[in-house]
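Chemist: This is the structure, below, for whatever I ask next.
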Amino acid sequence: TEETQNKDYKMRTRKSDKPSNLSTNWWIFDFGFSNYNDESNYVNAASNGFVASGINKDDFKLRAGKSRNVNIWFFMQRLNIAKHVVNLKYGMGLELNNYSFENRKLVFAKNPTVISEGTTEFNKVKLAADYLTVPIMLNFNFTPRRKNGFGISGGISAGYMYSSRYKTKDGGDVNKLKNDFDLERFKLSYIGEITLGPVRLYGSYALKNMWEKGLDIKPYNFGFRFSNW
């Protein structure tokens with residue numbers, strides 16, 4: 001009968017609206033800004049020869065808006081834990097960090113690492129550090145049946161630095177010096193995410209110093225996330 005068909009249609013529709021217990025989001029992009037909390041003792045760093053005499057905290061100040069963070073996540077998965085409201089969220093991708101210095105005379109030398117101030121004022125001076133990263137978060141999705149809903153996520157990420165370089169630009173000339181500069185290879189960070197309808201925000205804060213020695217700097221990132229959920 002028509003009534004039975006309508007009931008059957010409604011039941012199928014209701015069933016199809018139910019979110020999947022495991023969903024995958026491919027190719028997520030983040031665009032944001034990099035910065036750090038600098039608690040270095042520059043007197044000790046100079047006495048150890050890691051920085052030249054006279055280099056101080058002001059020399060490591062970053063240019064606002066020019067120090068950028070771009071993340072490319074190959075995938076992220078969301079696993080239902082409780083009624084699709086509480087989920088486990090994890091993935092894998094690349095974190096690309098560019099630290100642009102206000103002091104455009106800053107010079108990085110390698111083997112051994114020595115940071116000093118040169119005589120040439122470049123148009124740009126940057127330190128870049130790129131990581132292969134695995135994030136894992138506990139996700140609270142307050143509107144599980146909506147595509148652009150509301151939710152928050154929090155957890156940790158573990159990254160391995162696979163590339164780092166010092167880059168200068170002087171007019172049309174661009175020079176790159178590839179080295180680890182005694183940066184810490186492994187990076188652990190607190191991470192978070194906020195979903196406000198179609199707008200998604202992310203942030204991260206490193207648990208420990210980004211340098212193996214010499215300086216005491218903890219990096220953090222924040223910005224916009226472009227993803228399906």
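Please note that chains go A, B, ... in the order of the structure tokens, that every chain numbers its residues from 1, and that ligands are numbered from 1 in the order shown.
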Where does range 65-161 of chain A meet range 181-185 of chain A within 7 Å, residue by residue, with the nearest atom pair and distance in Å to one decimal for each, counting only C-alpha atoms, listed by chain and rising number, as a tab-separated table?
Modeler:
```
residue	atom	partner	partner_atom	distance
A:Lys110	CA	A:Phe181	CA	6.2
A:Thr113	CA	A:Phe181	CA	5.4
A:Tyr160	CA	A:Arg185	CA	5.7
A:Met161	CA	A:Arg185	CA	5.0
```
Chemist: Please identify all polymer residues within 9 Å of Val199 in chain A, counting only C-alpha atoms, omitting same-chain residues fewer than 6 positions from it, and present them as an MDAnalysis selection string.
Modeler: chainID A and resid 148 224:226
Chemist: Quick one: pick out all alpha helix (DSSP H) residues within range 26-218 of chain A from a backbone DSSP run and write them as a CSV table (one decimal) with all heavy atoms, in the first residue's frame.
Modeler:
```
chain,number,residue,atom,x,y,z
A,42,TYR,N,70.8,34.0,26.3
A,42,TYR,CA,71.8,34.3,25.3
A,42,TYR,C,73.2,34.5,25.8
A,42,TYR,O,74.1,34.4,25.0
A,42,TYR,CB,71.3,35.5,24.5
A,42,TYR,CG,70.1,35.2,23.6
A,42,TYR,CD1,68.8,35.3,24.0
A,42,TYR,CD2,70.3,34.7,22.3
A,42,TYR,CE1,67.7,35.0,23.2
A,42,TYR,CE2,69.3,34.4,21.5
A,42,TYR,CZ,68.0,34.5,21.9
A,42,TYR,OH,66.9,34.2,21.1
A,43,VAL,N,73.3,34.8,27.0
A,43,VAL,CA,74.7,34.9,27.6
A,43,VAL,C,75.3,33.5,27.6
A,43,VAL,O,76.5,33.4,27.2
A,43,VAL,CB,74.6,35.5,29.1
A,43,VAL,CG1,76.0,35.4,29.7
A,43,VAL,CG2,74.1,36.9,29.1
A,44,ASN,N,74.6,32.5,28.0
A,44,ASN,CA,75.1,31.1,28.0
A,44,ASN,C,75.3,30.7,26.5
A,44,ASN,O,76.3,30.0,26.2
A,44,ASN,CB,74.2,30.2,28.7
A,44,ASN,CG,74.2,30.3,30.2
A,44,ASN,OD1,75.1,31.0,30.8
A,44,ASN,ND2,73.2,29.8,30.9
A,45,ALA,N,74.4,31.0,25.7
A,45,ALA,CA,74.5,30.6,24.3
A,45,ALA,C,75.7,31.2,23.6
A,45,ALA,O,76.4,30.6,22.8
A,45,ALA,CB,73.3,31.0,23.5
A,46,ALA,N,76.1,32.5,24.0
A,46,ALA,CA,77.3,33.1,23.5
A,46,ALA,C,78.5,32.5,24.0
A,46,ALA,O,79.5,32.3,23.3
A,46,ALA,CB,77.2,34.6,23.7
A,47,SER,N,78.5,32.2,25.3
A,47,SER,CA,79.7,31.6,26.0
A,47,SER,C,80.0,30.2,25.4
A,47,SER,O,81.1,29.7,25.4
A,47,SER,CB,79.5,31.5,27.5
A,47,SER,OG,78.5,30.6,27.8
```
Chemist: Would you kindly return, as a list of chain:residue names, each protein, DNA or RNA residue with an atom no farther than 12 Å from any atom of Lys83 in chain A, considering only C-alpha atoms and excluding same-chain residues fewer than 6 positions away?
Modeler: A:Lys18, A:Pro19, A:Ser20, A:Asn21, A:Phe140, A:Asn141, A:Phe142, A:Thr143, A:Pro144, A:Arg145
Chemist: Check the smallest atom-to-atom distance from each of A:Tyr190, A:Phe222, A:Trp27, A:Trp73 to Thr133 in chain A using only C-alpha atoms, then report the winner.
Modeler: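 For Thr133 in chain A, the nearest of the given residues is A:Trp73.
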Chemist: Please compute the CA of Ile28 in chain A-CA of Tyr205 in chain A distance, one decimal, in Å.
Modeler: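 Distance reported for this atom pair: 19.7 Å.
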Chemist: One number please: CA of Phe75 in chain A to CA of Asn209 in chain A, in Å, one decimal.
Modeler: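 Interatomic distance here is 27.7 Å.
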Chemist: Based on DSSP run over this structure's backbone, return all residues of range 34-226 of chain A in strand (DSSP E), as a VMD selection string.
Modeler: chain A and resid 34 to 38 68 to 82 86 to 100 106 to 109 114 to 117 124 to 141 150 to 170 173 to 178 186 to 196 199 to 206 217 to 226
Chemist: Can you tell me which residues surround Leu177 in chain A at a distance of at most 9 Å, considering only C-alpha atoms, apart from same-chain residues fewer than 3 positions away, and format the answer as a list in words?
Modeler: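 Once the nearby chain positions are removed, what remains is Phe108, Ala109, Lys110, Ser164, Arg165, Tyr166, Lys167 and Thr168 of chain A.
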Chemist: Convert the current residue selection to file output with all heavy atoms, as a CSV table (one decimal), in the first residue's frame.
Modeler:
```
chain,number,residue,atom,x,y,z
A,108,PHE,N,73.3,32.3,9.5
A,108,PHE,CA,73.4,30.9,10.1
A,108,PHE,C,74.6,30.2,9.4
A,108,PHE,O,74.6,30.1,8.2
A,108,PHE,CB,72.1,30.1,9.9
A,108,PHE,CG,71.0,30.5,10.8
A,108,PHE,CD1,70.4,31.7,10.7
A,108,PHE,CD2,70.5,29.6,11.7
A,108,PHE,CE1,69.3,32.0,11.6
A,108,PHE,CE2,69.5,29.9,12.6
A,108,PHE,CZ,68.9,31.1,12.5
A,109,ALA,N,75.5,29.8,10.2
A,109,ALA,CA,76.6,29.0,9.6
A,109,ALA,C,76.4,27.5,10.1
A,109,ALA,O,75.8,27.3,11.2
A,109,ALA,CB,78.0,29.5,10.1
A,110,LYS,N,77.0,26.6,9.4
A,110,LYS,CA,76.8,25.2,9.8
A,110,LYS,C,78.1,24.5,10.0
A,110,LYS,O,79.2,24.9,9.6
A,110,LYS,CB,76.1,24.4,8.7
A,110,LYS,CG,76.8,24.3,7.3
A,110,LYS,CD,76.0,23.5,6.3
A,110,LYS,CE,76.8,23.3,5.0
A,110,LYS,NZ,76.1,22.4,4.0
A,164,SER,N,65.4,21.0,6.7
A,164,SER,CA,65.5,22.3,7.3
A,164,SER,C,66.5,23.1,6.5
A,164,SER,O,67.5,22.5,6.0
A,164,SER,CB,65.9,22.3,8.8
A,164,SER,OG,67.1,21.6,9.0
A,165,ARG,N,66.4,24.5,6.5
A,165,ARG,CA,67.2,25.3,5.7
A,165,ARG,C,67.2,26.7,6.1
A,165,ARG,O,66.2,27.2,6.6
A,165,ARG,CB,66.9,25.2,4.2
A,165,ARG,CG,65.5,25.5,3.9
A,165,ARG,CD,64.9,24.8,2.7
A,165,ARG,NE,63.5,25.0,2.6
A,165,ARG,CZ,62.6,24.2,3.2
A,165,ARG,NH1,63.0,23.2,4.0
A,165,ARG,NH2,61.3,24.5,3.1
A,166,TYR,N,68.3,27.4,5.9
A,166,TYR,CA,68.4,28.9,6.1
A,166,TYR,C,68.3,29.5,4.7
A,166,TYR,O,69.0,29.1,3.8
A,166,TYR,CB,69.7,29.2,6.8
A,166,TYR,CG,70.2,30.6,6.7
A,166,TYR,CD1,69.5,31.6,7.4
A,166,TYR,CD2,71.3,30.9,5.9
A,166,TYR,CE1,70.0,32.9,7.4
A,166,TYR,CE2,71.8,32.2,5.9
A,166,TYR,CZ,71.1,33.2,6.6
A,166,TYR,OH,71.6,34.5,6.5
A,167,LYS,N,67.5,30.5,4.6
A,167,LYS,CA,67.2,31.1,3.2
A,167,LYS,C,67.3,32.6,3.3
A,167,LYS,O,66.8,33.2,4.2
A,167,LYS,CB,65.8,30.7,2.8
A,167,LYS,CG,65.4,31.2,1.4
A,167,LYS,CD,64.0,30.8,1.1
A,167,LYS,CE,63.5,31.4,-0.2
A,167,LYS,NZ,62.1,31.0,-0.5
A,168,THR,N,68.0,33.2,2.3
A,168,THR,CA,68.1,34.6,2.2
A,168,THR,C,67.7,35.1,0.8
A,168,THR,O,67.9,34.3,-0.1
A,168,THR,CB,69.5,35.2,2.5
A,168,THR,OG1,70.4,34.6,1.6
A,168,THR,CG2,70.0,34.8,3.9
```
Chemist: Pick the closest to Asp180 in chain A from A:Asn111, A:Gln77, A:Asn221, A:Ser157: which is it, counting only C-alpha atoms?
Modeler: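 When distances to Asp180 in chain A are compared using only C-alpha atoms, the smallest one comes from A:Asn111.
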Chemist: In Å to one decimal, how far is CA of Val114 in chain A from CA of Asp59 in chain A?
Modeler: 13.9 Å
Chemist: So which residues touch Leu188 in chain A within 6 Å, counting only C-alpha atoms, skipping near sequence neighbours fewer than 6 positions away, as a VMD selection string?
Modeler: chain A and resid 157 to 158 206 to 207
Chemist: Skipping near chain neighbours, those fewer than 5 positions away, what residues fall within 9 Å of range 90-97 of chain A using only C-alpha atoms, listed as a ChimeraX atom specification?
Modeler: /A:27-28,33-34,67-79,127-138,159,221
Chemist: Keeping only C-alpha atoms, write the selected residues as an mmCIF file, in the first residue's frame.
Modeler:
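Now in again_23.cif:
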```
data_model
loop_
_atom_site.group_PDB
_atom_site.id
_atom_site.type_symbol
_atom_site.label_atom_id
_atom_site.label_comp_id
_atom_site.auth_asym_id
_atom_site.auth_seq_id
_atom_site.Cartn_x
_atom_site.Cartn_y
_atom_site.Cartn_z
ATOM 1 C CA TRP A 27 43.945 16.059 1.355
ATOM 2 C CA ILE A 28 43.331 18.616 4.096
ATOM 3 C CA PHE A 33 51.176 31.564 11.049
ATOM 4 C CA SER A 34 54.266 30.366 12.892
ATOM 5 C CA SER A 67 56.286 33.754 9.374
ATOM 6 C CA ARG A 68 53.888 31.229 7.930
ATOM 7 C CA ASN A 69 52.730 27.688 8.563
ATOM 8 C CA VAL A 70 51.292 25.463 5.837
ATOM 9 C CA ASN A 71 50.190 21.911 6.611
ATOM 10 C CA ILE A 72 49.237 19.285 4.041
ATOM 11 C CA TRP A 73 47.457 16.292 5.566
ATOM 12 C CA PHE A 74 47.356 13.240 3.319
ATOM 13 C CA PHE A 75 44.321 11.989 5.200
ATOM 14 C CA MET A 76 42.442 12.216 8.473
ATOM 15 C CA GLN A 77 40.076 9.602 9.838
ATOM 16 C CA ARG A 78 37.314 9.929 12.395
ATOM 17 C CA LEU A 79 36.345 6.839 14.390
ATOM 18 C CA LEU A 127 64.674 29.578 8.787
ATOM 19 C CA ALA A 128 62.465 26.732 7.525
ATOM 20 C CA ALA A 129 61.716 23.439 9.291
ATOM 21 C CA ASP A 130 59.485 20.743 7.787
ATOM 22 C CA TYR A 131 58.075 17.695 9.589
ATOM 23 C CA LEU A 132 56.329 14.445 8.763
ATOM 24 C CA THR A 133 53.632 14.464 11.442
ATOM 25 C CA VAL A 134 51.037 12.119 12.909
ATOM 26 C CA PRO A 135 48.252 13.843 14.907
ATOM 27 C CA ILE A 136 45.806 12.095 17.231
ATOM 28 C CA MET A 137 42.892 13.886 18.881
ATOM 29 C CA LEU A 138 39.744 13.295 20.869
ATOM 30 C CA GLY A 159 56.614 14.850 14.054
ATOM 31 C CA ASN A 221 51.172 27.587 15.005
#
```
Chemist: Counting only C-alpha atoms, figure out which residue out of A:Asn228, A:Ser163, A:Phe186, A:Ser100 gets nearest to Lys208 in chain A.
Modeler: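 Comparing A:Asn228, A:Ser163, A:Phe186, A:Ser100 against Lys208 in chain A, the winner is A:Phe186.
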